[in-house]
Structure formats: structure tokens, C-alpha cells
file structure-v4.cif (mmCIF, C-alpha atoms)
data_query
#
loop_
_atom_site.label_atom_id
_atom_site.label_comp_id
_atom_site.auth_asym_id
_atom_site.auth_seq_id
_atom_site.Cartn_x
_atom_site.Cartn_y
_atom_site.Cartn_z
CA MET A 234 -9.16 11.51 16.74
CA TYR A 235 -7.39 8.11 16.78
CA ASN A 236 -4.21 7.09 18.57
CA TYR A 237 -2.91 3.69 19.64
CA ALA A 238 -2.19 5.19 23.06
CA VAL A 239 -5.74 6.56 23.33
CA ASN A 240 -4.69 10.11 22.40
CA ASN A 241 -2.07 10.07 25.13
CA PRO A 242 1.47 10.76 23.85
CA ILE A 243 3.02 7.77 25.60
CA LYS A 244 5.71 6.72 23.16
CA VAL A 245 7.70 3.60 22.86
CA ILE A 246 10.78 2.00 21.39
CA TYR A 247 9.17 -0.41 18.99
CA PRO A 248 9.87 -4.10 19.02
CA ASP A 249 9.83 -5.51 15.52
CA GLY A 250 7.98 -8.80 15.53
CA ARG A 251 10.89 -11.19 15.96
CA ASP A 252 10.24 -13.44 18.89
CA ALA A 253 6.89 -15.04 19.15
CA ILE A 254 6.56 -18.72 18.29
CA TYR A 255 3.94 -19.94 15.80
CA THR A 256 3.20 -23.64 16.28
CA PHE A 257 1.09 -25.56 13.76
CA ASP A 258 -0.87 -28.69 14.64
CA PRO A 259 -1.85 -30.30 11.29
CA LYS A 260 -4.24 -32.73 12.99
CA THR A 261 -6.51 -29.91 14.15
CA ASN A 262 -5.39 -27.19 11.72
CA THR A 263 -4.60 -25.02 14.73
CA ILE A 264 -1.89 -22.37 14.91
CA THR A 265 -0.90 -21.22 18.38
CA VAL A 266 1.00 -17.95 18.84
CA THR A 267 3.08 -18.12 22.01
CA ALA A 268 5.15 -15.42 23.72
CA ALA A 269 6.37 -14.50 27.20
CA ILE A 270 6.82 -10.81 28.05
CA TYR A 271 9.12 -9.99 30.95
CA TYR A 272 8.71 -6.60 32.61
CA GLN A 273 11.81 -5.44 34.47
CA SER A 274 11.06 -4.66 38.13
CA ALA A 275 13.35 -1.62 38.33
CA GLY A 276 11.16 0.30 35.89
CA PHE A 277 8.24 0.31 38.31
CA GLY A 278 10.16 2.68 40.60
CA LYS A 279 8.67 3.05 44.08
CA MET A 280 5.41 1.34 43.18
CA GLY A 281 4.66 -1.24 45.85
CA ASP A 282 4.12 -4.94 45.28
CA GLU A 283 0.36 -4.46 45.24
CA GLY A 284 0.59 -1.75 42.59
CA LYS A 285 2.94 -3.83 40.43
CA GLN A 286 0.66 -6.85 40.62
CA LYS A 287 -2.37 -4.71 39.79
CA ASN A 288 -0.60 -3.56 36.62
CA MET A 289 0.32 -7.08 35.60
CA ASP A 290 -3.18 -8.40 36.32
CA TRP A 291 -4.64 -5.70 34.07
CA ILE A 292 -2.12 -6.37 31.29
CA ASN A 293 -2.77 -10.12 31.32
CA LYS A 294 -6.53 -9.55 31.39
CA GLN A 295 -6.26 -7.37 28.29
CA LEU A 296 -3.99 -9.88 26.55
CA LYS A 297 -6.57 -12.60 27.07
CA GLU A 298 -9.54 -10.44 26.05
CA ILE A 299 -7.97 -8.85 22.95
CA TYR A 300 -5.91 -11.74 21.59
CA LYS A 301 -8.91 -14.05 21.28
CA ASP A 302 -9.18 -17.25 19.28
CA GLY A 303 -10.05 -16.70 15.63
CA MET A 304 -10.98 -18.66 12.53
CA VAL A 305 -9.57 -18.40 9.01
CA LYS A 306 -10.85 -20.16 5.89
CA ILE A 307 -8.58 -20.58 2.89
CA GLY A 308 -10.18 -22.53 0.08
CA GLU A 309 -11.59 -25.69 1.62
CA GLN A 310 -9.36 -25.49 4.69
CA THR A 311 -10.45 -23.90 7.97
CA TYR A 312 -7.78 -22.90 10.51
CA THR A 313 -8.03 -21.96 14.16
CA VAL A 314 -5.66 -19.30 15.52
CA LYS A 315 -5.01 -19.28 19.26
CA PHE A 316 -2.86 -16.97 21.38
CA ASP A 317 -0.91 -17.97 24.46
CA VAL A 318 0.69 -14.67 25.48
CA LYS A 319 1.56 -13.90 29.10
CA ALA A 320 3.33 -11.06 30.89
CA GLU A 321 5.11 -11.14 34.23
CA ILE A 322 7.61 -9.18 36.27
CA LYS A 323 10.93 -10.94 35.89
CA ASP A 324 14.43 -9.53 35.85
CA VAL A 325 16.28 -11.25 33.05
CA LYS A 326 19.20 -10.27 30.86
CA GLU A 327 18.99 -10.25 27.10
CA LYS A 328 21.65 -12.92 26.77
CA ASP A 329 19.59 -15.28 28.93
CA LEU A 330 16.38 -15.00 26.92
CA LYS A 331 15.11 -18.15 25.29
CA ARG A 332 13.10 -18.50 22.12
CA GLY A 333 9.71 -16.88 22.52
CA GLU A 334 10.82 -14.67 25.42
CA ASN A 335 10.86 -10.88 25.31
CA ILE A 336 11.77 -7.96 27.57
CA MET A 337 9.60 -4.90 28.14
CA ASN A 338 11.49 -2.06 29.77
CA ILE A 339 9.82 0.88 31.51
CA ASP A 340 11.43 4.27 30.97
CA THR A 341 9.57 7.42 32.02
CA ASN A 342 11.99 9.51 29.92
CA VAL A 343 10.74 8.07 26.63
CA GLN A 344 9.45 10.92 24.50
CA ARG A 345 7.76 11.21 21.13
CA ASP A 346 10.89 12.61 19.51
CA ASN A 347 13.20 9.71 20.31
CA VAL A 348 11.22 6.76 19.07
CA SER A 349 13.48 4.12 17.55
CA THR A 350 13.33 0.49 16.52
CA GLY A 351 13.96 -2.31 18.97
CA GLY A 352 15.64 -5.60 18.18
CA LYS A 353 19.07 -6.14 16.69
CA GLY A 354 18.59 -8.46 13.76
CA PRO A 355 16.78 -11.55 12.50
CA GLY A 356 16.36 -14.33 15.01
CA VAL A 357 17.07 -12.29 18.12
CA ASN A 358 14.75 -11.72 21.05
CA ASP A 359 12.62 -8.62 21.22
CA ILE A 360 13.22 -5.75 23.60
CA GLY A 361 10.66 -2.96 23.85
CA THR A 362 10.33 0.14 25.98
CA ILE A 363 7.25 1.96 27.23
CA ALA A 364 6.88 5.07 29.38
CA THR A 365 4.12 3.85 31.68
CA PRO A 366 2.92 0.28 32.30
CA GLY A 367 -0.71 -0.70 32.45
CA THR A 368 -2.21 1.07 29.43
CA ILE A 369 -3.42 -0.10 26.04
CA ALA A 370 0.03 0.91 24.76
CA ASP A 371 1.41 -2.24 26.41
CA ILE A 372 -0.96 -4.45 24.48
CA HIS A 373 -0.25 -2.61 21.22
CA GLU A 374 3.51 -2.96 21.65
CA ILE A 375 3.17 -6.63 22.47
CA GLY A 376 1.37 -6.85 19.14
CA HIS A 377 4.65 -5.86 17.50
CA MET A 378 6.40 -8.63 19.40
CA LEU A 379 3.88 -11.04 17.90
CA GLY A 380 4.60 -9.78 14.39
CA PHE A 381 1.98 -7.11 13.67
CA LYS A 382 2.88 -3.72 12.20
CA ASP A 383 1.34 -0.33 12.95
CA ARG A 384 -1.88 0.51 11.16
CA TYR A 385 -1.92 4.25 11.76
CA THR A 386 -0.07 7.33 10.52
CA ASP A 387 0.97 10.33 12.62
CA TYR A 388 -0.40 13.64 11.36
CA GLU A 389 0.43 17.20 12.40
CA ASN A 390 -1.42 20.49 12.17
CA ALA A 391 0.40 22.48 9.49
CA SER A 392 -0.37 25.73 11.34
CA ASN A 393 0.71 24.39 14.74
CA LEU A 394 3.35 21.66 14.55
CA SER A 395 3.09 20.86 18.25
CA ASP A 396 -0.49 19.71 17.58
CA TRP A 397 -0.42 16.13 16.34
CA ARG A 398 -2.43 12.95 16.43
CA SER A 399 -2.29 9.39 15.15
CA ILE A 400 -4.98 8.53 12.62
CA ALA A 401 -5.93 4.89 12.10
CA HIS A 402 -5.80 3.41 8.62
CA ASP A 403 -9.05 2.67 6.86
CA GLY A 404 -10.50 -0.60 8.17
CA TYR A 405 -8.43 -0.35 11.36
CA GLN A 406 -10.41 2.39 13.12
CA ASN A 407 -11.40 0.01 15.92
CA ASP A 408 -8.32 -2.19 15.77
CA LEU A 409 -5.57 -2.53 18.38
CA MET A 410 -2.82 -1.78 15.86
CA GLY A 411 -4.70 1.16 14.35
CA SER A 412 -6.59 3.12 16.97
CA GLY A 413 -5.65 1.24 20.11
CA GLY A 414 -9.09 -0.35 20.15
CA GLN A 415 -9.70 -3.50 22.16
CA ASN A 416 -10.08 -5.60 19.07
CA LEU A 417 -8.10 -7.47 16.42
CA ASN A 418 -9.65 -7.37 12.99
CA GLN A 419 -9.69 -10.41 10.71
CA SER A 420 -6.57 -9.42 8.76
CA HIS A 421 -4.32 -10.26 11.72
CA TYR A 422 -5.66 -13.81 11.90
CA ASP A 423 -5.38 -14.17 8.14
CA ASP A 424 -1.75 -13.05 8.23
CA VAL A 425 -0.84 -15.50 11.02
CA VAL A 426 -2.25 -18.36 8.92
CA ASN A 427 -0.72 -17.17 5.65
CA TYR A 428 2.71 -16.69 7.22
CA THR A 429 2.66 -20.04 8.99
CA ASN A 430 1.41 -21.83 5.90
CA PHE A 431 4.13 -20.23 3.79
CA LYS A 432 6.92 -21.01 6.25
CA LEU A 433 5.91 -24.40 7.61
CA VAL A 434 3.63 -26.02 5.07
CA GLN A 435 4.73 -24.70 1.68
CA GLY A 436 8.29 -24.02 2.76
CA GLN A 437 8.88 -27.55 4.04
CA ARG A 438 6.87 -29.66 1.62
CA HIS A 439 10.02 -30.95 -0.12
CA LEU A 440 11.80 -31.84 3.13
CA LEU A 441 11.91 -35.33 4.56
CA PRO A 442 9.66 -35.67 7.64
CA GLN A 443 12.59 -35.87 10.04
CA TYR A 444 13.80 -32.46 8.91
CA ARG A 445 10.50 -30.64 9.21
CA SER A 446 9.53 -28.38 12.09
CA ASN A 447 6.07 -27.62 13.47
CA SER A 448 7.00 -24.14 14.72
CA VAL A 449 8.54 -20.92 13.45
CA SER A 450 9.54 -17.55 14.90
CA PRO A 451 8.75 -14.65 12.56
CA SER A 452 11.86 -12.89 11.27
CA GLY A 453 10.05 -9.58 10.84
CA MET A 454 6.52 -8.21 10.63
CA ILE A 455 4.38 -11.00 9.22
CA ASP A 456 1.98 -8.50 7.63
CA GLU A 457 4.64 -6.30 6.02
CA ASN A 458 3.20 -6.82 2.53
CA ARG A 459 -0.36 -5.94 3.53
CA GLN A 460 -0.95 -2.36 2.47
CA SER A 461 -3.21 0.07 4.34
CA SER A 462 -3.58 3.83 4.56
CA VAL A 463 -5.60 6.59 6.16
CA ASN A 464 -8.99 7.42 4.70
CA PRO A 465 -8.67 11.06 3.49
CA ALA A 466 -12.06 11.75 5.05
CA ASP A 467 -10.53 11.09 8.48
CA VAL A 468 -7.85 13.77 8.07
CA PRO A 469 -8.79 17.22 9.45
CA THR A 470 -8.48 20.14 7.08
CA GLY A 471 -4.99 21.64 7.16
CA TRP A 472 -3.31 18.54 8.57
CA ARG A 473 -0.46 16.61 6.93
CA PRO A 474 1.60 13.48 7.63
CA SER A 475 4.01 14.23 10.44
CA LYS A 476 7.65 14.79 9.53
CA LYS A 477 8.85 13.63 12.94
#

call {"tool": "encode", "arguments": {"input": "structure-v4.cif", "output": "C-alpha cells"}}
result
Amino acid sequence: MYNYAVNNPIKVIYPDGRDAIYTFDPKTNTITVTAAIYYQSAGFGKMGDEGKQKNMDWINKQLKEIYKDGMVKIGEQTYTVKFDVKAEIKDVKEKDLKRGENIMNIDTNVQRDNVSTGGKGPGVNDIGTIATPGTIADIHEIGHMLGFKDRYTDYENASNLSDWRSIAHDGYQNDLMGSGGQNLNQSHYDDVVNYTNFKLVQGQRHLLPQYRSNSVSPSGMIDENRQSSVNPADVPTGWRPSKK
């Protein structure tokens, strides 16, 4: 059925949406989401330079095609949301990361049963782990680094617990964070605007101009309060939410 890794059990250590930068330009009502993703060279193993570059070219192509510009209208105001997200191979240590920079490790030993949460606390840089570079899983996990939560639920066959699948939430069947589709639905753009407006516009309206900032890094998933769930019609008979 649906799975963010295209029905391939590539699993990850999830980043948790803590180190993108949202910058607001009030003159144009534009919010730009910026992030740098550094892949560690050691994780590519014996893959040659050409193979590594091919992976990075594909990842950056997908980042550009999926994280497209979007428009959001709230009342009489119209906002533009832009993404400036790039990936490259760069060996860097966590302590040397700057704001807006993230590490993506590659670990072929990552399994479904040992998924855990990346990041160490509010305001720190994100570190994620994937099993294999160059799949839609990369783009999905980078979505977490930008502040978006999962929009799917893992289900298992009650009569065969080794049989499992991820089912996208209703409305997210073709969405990157739900099914691993090559698309972002409107809710993601809405949440970027709502979060930025809350933090930068509403949150700073009582501050003197010299104390205001035009950018913010999300301290968690920006869409945490947006509820979604699986459509019961999408669940096969005899299946239940996974206990793993």
C-alpha cells in the first residue's frame, strides 16, 4: 500500500525538525526555509567519486522538484514560501555545525526495529541516519529536518506480524511525509507561514525594532498540533497499528 520509503523497509533515525532557518521578508511577505545537509563520506563505503556525485545530484534534483515555491493566503494577506535546501558530501563534526546545518549519516545496519529519535534538545543541530543514500527516504527525512512530522502510521498483519506496511494518513496519500510521494500538500506551506507568523510577527510585536529578528529556527515539529489519521477504508482487513 503506502510507505514513505516506497514499500522498501529502509529505516532511519529520525531528525526532529530543529535546524532549518525560516527567514521572513515583510516587504515581499516571503518566507524562505533554508537548510544545508551534510552527508558523511565514510558512509558511502567503496562507492567511487562518480557514484557519490550521482547520488548527490539525484538528491538535490529531488529537493528542488519537491520543495517547490508555494502560496498561502491568510485573511487579506498572501505569503510566498520558498525553500533553499541543499545537500553535499562534507565531513563535519557535530560541534562544528552552524545554525541551519545538519548531518546525514549513512549506516547500512539500520533496521526497522531500532528506529530512534535524532537530535539532543531544543536549539541543537539535527543529525539523521539512513541505510541507503539516493532514495525518496532521503527527501522524507530532510523534511523532518525542516520541521515536518510523519503523516503515516505503521500497520501489521495480525495473523503474520512480520508482514507490515506504512499507510498514509487521509489527505496525505500522495504527500512526501505520508506516502513518500513527490509532492508537498498545502498544509506544509500553511504550517510554515503560521509558525513563522506566530514566532516572528505575533511573538515580537511588543519588542522594540532593534530587538526583533527576521529569522527563526524551529524548536520542534512546526506542525505538531495538526492532527491527521489513516482513513479506515485504507486499512486491509485483519490489520492493526504496529506495536513496534

call {"tool": "resolve_selection", "arguments": {"input": "structure-v4.cif", "expression": "the PyMOL selection byres ((chain A and resi 415) around 9)", "output": "list in words"}}
result
Gln295, Glu298, Ile299, Ile369, Asn407, Asp408, Leu409, Ser412, Gly413, Gly414, Asn416 and Leu417 of chain A

call {"tool": "residues_around", "arguments": {"input": "structure-v4.cif", "residues": "Asn418 in chain A", "least_positions_apart": "6", "cutoff": "12 Å", "atoms": "only C-alpha atoms", "output": "PyMOL selection string"}}
result
chain A and resi 299-305+381+384+403-412+424

call {"tool": "atom_distance", "arguments": {"input": "structure-v4.cif", "atom1": "CA of Ala275 in chain A", "atom2": "CA of Val318 in chain A"}}
result
22.3 Å

call {"tool": "closest_residue", "arguments": {"input": "structure-v4.cif", "among": "A:Gly367, A:Ile307, A:Gln273, A:His373", "to": "Tyr385 in chain A", "atoms": "only C-alpha atoms"}}
result
A:His373

call {"tool": "axis_aligned_box", "arguments": {"input": "structure-v4.cif", "around": "range 273-282 of chain A", "padding_each_side": "6 Å", "output": "AutoDock Vina command-line options"}}
result
--center_x 8.7 --center_y -1.2 --center_z 40.2 --size_x 21.2 --size_y 20.5 --size_z 23.4

call {"tool": "resolve_selection", "arguments": {"input": "structure-v4.cif", "expression": "the PyMOL selection byres ((chain A and resi 468) around 12)", "output": "MDAnalysis selection string"}}
result
chainID A and resid 234:235 385:390 397:403 462:467 469:474

call {"tool": "closest_residue", "arguments": {"input": "structure-v4.cif", "among": "A:Asn288, A:Asn447, A:Asn293, A:Asn427", "to": "Ile372 in chain A", "atoms": "all atoms listed in the file"}}
result
A:Asn293

call {"tool": "residues_near_point", "arguments": {"input": "structure-v4.cif", "point": "(6.7, -14.2, 12.7)", "cutoff": "12 Å", "atoms": "all atoms listed in the file", "output": "mmCIF file with C-alpha atoms, keeping the file's coordinate frame"}}
result
data_model
loop_
_atom_site.group_PDB
_atom_site.id
_atom_site.type_symbol
_atom_site.label_atom_id
_atom_site.label_comp_id
_atom_site.auth_asym_id
_atom_site.auth_seq_id
_atom_site.Cartn_x
_atom_site.Cartn_y
_atom_site.Cartn_z
ATOM 1 C CA ASP A 249 9.830 -5.510 15.520
ATOM 2 C CA GLY A 250 7.980 -8.800 15.530
ATOM 3 C CA ARG A 251 10.890 -11.190 15.960
ATOM 4 C CA ASP A 252 10.240 -13.440 18.890
ATOM 5 C CA ALA A 253 6.890 -15.040 19.150
ATOM 6 C CA ILE A 254 6.560 -18.720 18.290
ATOM 7 C CA TYR A 255 3.940 -19.940 15.800
ATOM 8 C CA THR A 256 3.200 -23.640 16.280
ATOM 9 C CA THR A 265 -0.900 -21.220 18.380
ATOM 10 C CA VAL A 266 1.000 -17.950 18.840
ATOM 11 C CA THR A 267 3.080 -18.120 22.010
ATOM 12 C CA ALA A 268 5.150 -15.420 23.720
ATOM 13 C CA GLY A 333 9.710 -16.880 22.520
ATOM 14 C CA PRO A 355 16.780 -11.550 12.500
ATOM 15 C CA GLY A 356 16.360 -14.330 15.010
ATOM 16 C CA VAL A 357 17.070 -12.290 18.120
ATOM 17 C CA ASN A 358 14.750 -11.720 21.050
ATOM 18 C CA ASP A 359 12.620 -8.620 21.220
ATOM 19 C CA GLY A 376 1.370 -6.850 19.140
ATOM 20 C CA HIS A 377 4.650 -5.860 17.500
ATOM 21 C CA MET A 378 6.400 -8.630 19.400
ATOM 22 C CA LEU A 379 3.880 -11.040 17.900
ATOM 23 C CA GLY A 380 4.600 -9.780 14.390
ATOM 24 C CA PHE A 381 1.980 -7.110 13.670
ATOM 25 C CA LYS A 382 2.880 -3.720 12.200
ATOM 26 C CA HIS A 421 -4.320 -10.260 11.720
ATOM 27 C CA ASP A 424 -1.750 -13.050 8.230
ATOM 28 C CA VAL A 425 -0.840 -15.500 11.020
ATOM 29 C CA VAL A 426 -2.250 -18.360 8.920
ATOM 30 C CA ASN A 427 -0.720 -17.170 5.650
ATOM 31 C CA TYR A 428 2.710 -16.690 7.220
ATOM 32 C CA THR A 429 2.660 -20.040 8.990
ATOM 33 C CA ASN A 430 1.410 -21.830 5.900
ATOM 34 C CA PHE A 431 4.130 -20.230 3.790
ATOM 35 C CA LYS A 432 6.920 -21.010 6.250
ATOM 36 C CA LEU A 433 5.910 -24.400 7.610
ATOM 37 C CA SER A 448 7.000 -24.140 14.720
ATOM 38 C CA VAL A 449 8.540 -20.920 13.450
ATOM 39 C CA SER A 450 9.540 -17.550 14.900
ATOM 40 C CA PRO A 451 8.750 -14.650 12.560
ATOM 41 C CA SER A 452 11.860 -12.890 11.270
ATOM 42 C CA GLY A 453 10.050 -9.580 10.840
ATOM 43 C CA MET A 454 6.520 -8.210 10.630
ATOM 44 C CA ILE A 455 4.380 -11.000 9.220
ATOM 45 C CA ASP A 456 1.980 -8.500 7.630
ATOM 46 C CA GLU A 457 4.640 -6.300 6.020
#

call {"tool": "residues_around", "arguments": {"input": "structure-v4.cif", "residues": "Gly278 in chain A", "least_positions_apart": "4", "cutoff": "12 Å", "atoms": "all atoms listed in the file", "output": "list in words"}}
result
Gln273, Ser274, Asp282, Gly284, Lys285, Asn338, Ile339, Asp340, Thr341, Ala364, Thr365 and Pro366 of chain A

call {"tool": "write_last_selection", "arguments": {"input": "structure-v4.cif", "atoms": "C-alpha atoms", "output": "tab-separated table (two decimals), in the frame of the given file"}}
result
chain	number	residue	atom	x	y	z
A	273	GLN	CA	11.81	-5.44	34.47
A	274	SER	CA	11.06	-4.66	38.13
A	282	ASP	CA	4.12	-4.94	45.28
A	284	GLY	CA	0.59	-1.75	42.59
A	285	LYS	CA	2.94	-3.83	40.43
A	338	ASN	CA	11.49	-2.06	29.77
A	339	ILE	CA	9.82	0.88	31.51
A	340	ASP	CA	11.43	4.27	30.97
A	341	THR	CA	9.57	7.42	32.02
A	364	ALA	CA	6.88	5.07	29.38
A	365	THR	CA	4.12	3.85	31.68
A	366	PRO	CA	2.92	0.28	32.30

call {"tool": "closest_residue", "arguments": {"input": "structure-v4.cif", "among": "A:Ile292, A:Lys315, A:Gln437, A:Gln460", "to": "Thr261 in chain A", "atoms": "all atoms listed in the file"}}
result
A:Lys315

call {"tool": "atom_distance", "arguments": {"input": "structure-v4.cif", "atom1": "CA of Glu309 in chain A", "atom2": "CA of Ser420 in chain A"}}
result
18.5 Å

call {"tool": "atom_distance", "arguments": {"input": "structure-v4.cif", "atom1": "CA of Asp290 in chain A", "atom2": "CA of Thr263 in chain A"}}
result
27.3 Å

call {"tool": "closest_residue", "arguments": {"input": "structure-v4.cif", "among": "A:Tyr444, A:Arg438, A:Lys297, A:Lys331", "to": "Asp317 in chain A", "atoms": "only C-alpha atoms"}}
result
A:Lys297

call {"tool": "residues_near_point", "arguments": {"input": "structure-v4.cif", "point": "(12.7, -7.6, 33.1)", "cutoff": "7 Å", "atoms": "only C-alpha atoms", "output": "list in words"}}
result
Tyr271, Tyr272, Gln273, Ser274, Ile322, Lys323, Asp324, Val325, Ile336, Met337 and Asn338 of chain A
